[in-house]
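K.L.:
My structure is below; once you've seen it, I'll send some questions.
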Amino acid sequence: MGRWPKPAEGSWTEHSGLGTGPISFADSVSPEFYELEREAIFKRAWLNVGRIEELPRNGSYFTKEIAIAKASIVVVRGQDGEVRAFHNVCRHRGNKLVWNEFPHEETRGFCRQFTCKYHGWRYDLEGACAFVQQEEEFFDLDKRDYGLVSVHCDVWNGFIFINLDQEPGQTLREFLGPMITALDGYPFEKLTERYDFVADNDSNWKIFADAFQEYYHVTALHPQQVPVAVRRPDAVECAHFQVEGPHRLVTTAGARRWTLPPEFMYPIERATRSGLLGPWDTPDIGPLPPGLNPSGVEPWGITNFQIFPNVEILIYGGWYLLYRYWPTSPNTHHFEGMLAFHPARTVRERVANEVAAVVFKEFALQDAAMLGGTQSALETRAVERFPLSDQEVLVRHFHKVVGDWVHDYLRATVGVGA
Ligand code: FES
Ligand SMILES: [Fe+2]
């Protein structure tokens, strides 16, 4: 499976090699499959846990609870400026090292050393054990043997990734591959005005990811987005789909919001020149890399880069959105959404950014409102096979890749399916 050609005839799906038949969502309702995803995917893939702006200076840190991997991670910028990740586990008797009021909640801050709350062992920012209370009471204890357990960590364009595998098979850059690294040069570092949302949703993580892999649902679920009266043709059709390895990409053609007749806009959109597709007048952030719009769609709308397994970066030109889906059980997940804009230089720009953030939330809630219904209906198992349209080809790819990773893992560990 590789890069798809833009079909001169036929369909994206027929070119994909993924088949055209109905698919199963058993992978989203099975506790056994969830256990396999834990080992096969979340303990092996590179996972984006944050942005470099979250570690603004040496000594800045944040923790990340990754329930599916049964891991708590502390990510820290050391005295040398390097970003490192460690298991958040004290080497003395296993207490969680970094937490604030509640051990299961994530935290962030700034420090010179980490001190365990239990017996006061201390660790420096590079993970070395720096102090043992009453060290002489121990037996042949060499502090050098008791540093924090490190986790593979790398940064791509300011996105901090970790990998929980002892020996990742690929570097981060190899894992991301050419389709995603074609975003090199996009000025993420200039877009530092952030709006963050979290939600705990009642569905398997893949069910929500599916909602952002296709725009087929827009006509029914978000009719305000492109009103029927101005939609040509009477459907939302994407201009370009592409896959590379486990990752996916979809580009939409741009019905510019501001070109709609005024009666199709919310009054606040006209007043603030902002809305669902973001601020209408974003500051010039310089040249954008060609990989942003790989097939040269004109007028270009957005490109949604879906980085396996659980991250999407949706780029709207002068700003971007990021989603992460963290599985918390077979039928729940923790959703993180972030909007990133160029810092407002005027009150008008600030208002425009805030309106975009609020309108985004309205549409995300429309998507999220489907989740409990889909999950509970799938769990009845009354229907086992579901047809997918050509516009849903990335849903087909996503579930195929998840299945492939699980099968590869089983083959490698217990010889199943070899
Ligand atoms: S468990 Fe951390 S110092 Fe004892
Ligand atoms: Fe949607």
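Labeling convention for the structure tokens: chains A, B, ... as they appear, residues from 1 per chain, ligands from 1 in order of appearance.
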Please identify every residue of chain A that has at least one atom no farther than 7 Å from an atom of ligand 1, counting only C-alpha atoms and all ligand atoms, and for each give the shortest atom pair and the distance in Å to one decimal, arranged by chain then increasing number, as CSV.
P.N.:
```
residue,atom,partner,partner_atom_place_in_ligand_line,distance
A:Cys90,CA,ligand 1,2 (Fe),4.6
A:Arg91,CA,ligand 1,2 (Fe),6.4
A:His92,CA,ligand 1,4 (Fe),4.6
A:Arg93,CA,ligand 1,1 (S),3.9
A:Gly94,CA,ligand 1,1 (S),5.0
A:Asn95,CA,ligand 1,1 (S),4.4
A:Leu97,CA,ligand 1,2 (Fe),6.6
A:Cys116,CA,ligand 1,2 (Fe),4.6
A:Lys117,CA,ligand 1,2 (Fe),6.5
A:Tyr118,CA,ligand 1,4 (Fe),4.9
A:His119,CA,ligand 1,3 (S),3.7
A:Gly120,CA,ligand 1,3 (S),4.8
A:Trp121,CA,ligand 1,3 (S),4.4
```
K.L.:
For those residues, write C-alpha atoms to a file as a PDB file, in the first residue's frame.
P.N.:
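Heads up, here's the output in part31.pdb:
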```pdb
ATOM      1  CA  CYS A  90      10.540   6.561  41.670  1.00  0.00           C
ATOM      2  CA  ARG A  91      13.344   4.000  41.716  1.00  0.00           C
ATOM      3  CA  HIS A  92      13.128   3.516  45.472  1.00  0.00           C
ATOM      4  CA  ARG A  93       9.770   1.876  46.087  1.00  0.00           C
ATOM      5  CA  GLY A  94       7.864   2.803  42.987  1.00  0.00           C
ATOM      6  CA  ASN A  95       5.866   5.834  44.046  1.00  0.00           C
ATOM      7  CA  LEU A  97       7.393  10.732  41.227  1.00  0.00           C
ATOM      8  CA  CYS A 116       9.719  12.006  45.610  1.00  0.00           C
ATOM      9  CA  LYS A 117       7.015  12.760  48.146  1.00  0.00           C
ATOM     10  CA  TYR A 118       7.451   9.404  49.892  1.00  0.00           C
ATOM     11  CA  HIS A 119      11.039   9.210  51.206  1.00  0.00           C
ATOM     12  CA  GLY A 120      12.571  12.231  49.562  1.00  0.00           C
ATOM     13  CA  TRP A 121      14.812  10.736  46.896  1.00  0.00           C
TER      14      TRP A 121
END
```
K.L.:
Which residues, written as a PyMOL selection string, have at least one atom at most 8 Å from segment 210-223 of chain A, with only C-alpha atoms counted and residues fewer than 5 positions away on the same chain left out?
P.N.:
chain A and resi 228+235-238+250+363+366-367+391-395
K.L.:
For ligand 2, which of A:Ser389, A:Gln224, A:Ser274, A:Ile313 is the closest residue, counting only C-alpha atoms and all ligand atoms?
P.N.:
A:Gln224
K.L.:
Tell me, as a list in words, which residues lie within 12 Å of His334 of chain A, counting only C-alpha atoms; anything in the same chain fewer than 3 positions away does not count.
P.N.:
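My list of contacting residues is Glu65, Ile66, Ala67, Ile68, Phe197, Val198, Ala199, Asp200, Asn201, Asp202, Ser203, Asn204, Trp205, Lys206, Phe208, Ala209, Asn310, Tyr323, Arg324, Tyr325, Trp326, Pro327, Thr328, Ser329, Pro330, Asn331, Gly337 and Ala368 of chain A.
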K.L.:
Step one, run DSSP on the backbone; step two, keep only residues of segment 88-321 of chain A assigned to strand (DSSP E or B); then write them as a PyMOL selection string.
P.N.:
chain A and resi 89+96+108-110+113-115+122-124+129-131+150-156+159-163+193-201+240-244+247-253+300-307+311-315+320-321
K.L.:
Rank nothing, just name the residue among A:Glu379, A:Tyr409, A:Glu105, A:Ala369 nearest to ligand 2, using only C-alpha atoms and all ligand atoms.
P.N.:
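The closest residue to ligand 2 is A:Ala369.
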K.L.:
Fewer than 5 positions away in the same chain doesn't count, so skip those; otherwise give me all residues within 12 Å of segment 292-302 of chain A, counting only C-alpha atoms, as a PyMOL selection string.
P.N.:
chain A and resi 3-7+178-187+215+237-243+249-257+277-278+287+313-321
K.L.:
How far is it from atom CA of His247 of chain A to atom CA of Glu312 of chain A, in Å with one decimal?
P.N.:
9.7 Å
K.L.:
Would you please give, as number ranges by chain, all residues of segment 102-329 of chain A that DSSP assigns to alpha helix (DSSP H) based on the backbone?
P.N.:
A: 172-181, 205-211, 218-221, 267-272
K.L.:
Could you name the residues that touch Phe114 of chain A at 9 Å or less, counting only C-alpha atoms, but leaving out those on the same chain fewer than 3 positions away, as a list in words?
P.N.:
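Near Phe114 of chain A, the qualifying residues are Leu97, Val98, Cys111, Trp121, Arg122, Tyr123, Asp124, Leu125 and Gly127 of chain A.
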K.L.:
Since we have the selection now, will you write its residues out, keeping N, CA and C atoms, as a tab-separated table (two decimals), in the first residue's frame?
P.N.:
```tsv
chain	number	residue	atom	x	y	z
A	97	LEU	N	6.44	9.69	40.81
A	97	LEU	CA	7.39	10.73	41.23
A	97	LEU	C	6.80	12.13	41.12
A	98	VAL	N	6.22	12.46	39.97
A	98	VAL	CA	5.77	13.84	39.74
A	98	VAL	C	4.25	13.87	39.65
A	111	CYS	N	10.98	23.14	37.65
A	111	CYS	CA	11.75	22.79	38.86
A	111	CYS	C	13.21	22.61	38.50
A	121	TRP	N	13.76	10.88	47.90
A	121	TRP	CA	14.81	10.74	46.90
A	121	TRP	C	14.66	11.85	45.86
A	122	ARG	N	15.78	12.27	45.31
A	122	ARG	CA	15.74	13.35	44.32
A	122	ARG	C	16.42	12.93	43.03
A	123	TYR	N	15.92	13.49	41.93
A	123	TYR	CA	16.44	13.18	40.59
A	123	TYR	C	16.69	14.50	39.87
A	124	ASP	N	17.80	14.56	39.14
A	124	ASP	CA	18.02	15.78	38.37
A	124	ASP	C	17.23	15.75	37.06
A	125	LEU	N	17.30	16.82	36.32
A	125	LEU	CA	16.44	16.96	35.13
A	125	LEU	C	16.87	16.03	34.00
A	127	GLY	N	17.52	12.94	34.72
A	127	GLY	CA	17.05	11.64	35.17
A	127	GLY	C	17.96	10.94	36.17
```
K.L.:
Would you mind reading off the distance between atom CA of His397 of chain A and atom CA of Val151 of chain A, one decimal, in Å?
P.N.:
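Separation between atom CA of His397 of chain A and atom CA of Val151 of chain A: 29.3 Å.
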K.L.:
Please measure the separation of atom CA of Val351 of chain A and atom CA of Phe335 of chain A, giving the value in Å to one decimal.
P.N.:
25.3 Å
K.L.:
Identify which of the residues A:Glu362, A:Asp404, A:Asp140, A:Glu174 lies closest to ligand 2, counting only C-alpha atoms and all ligand atoms when measuring atom-to-atom distances.
P.N.:
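Going through A:Glu362, A:Asp404, A:Asp140, A:Glu174 one by one, the smallest distance to ligand 2 is for A:Glu362.
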K.L.:
Taking only C-alpha atoms and all ligand atoms into account, name the residue in A:Thr413, A:Gln225, A:Asn304, A:Ser376 that is nearest to ligand 2.
P.N.:
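Comparing A:Thr413, A:Gln225, A:Asn304, A:Ser376 against ligand 2, the winner is A:Gln225.
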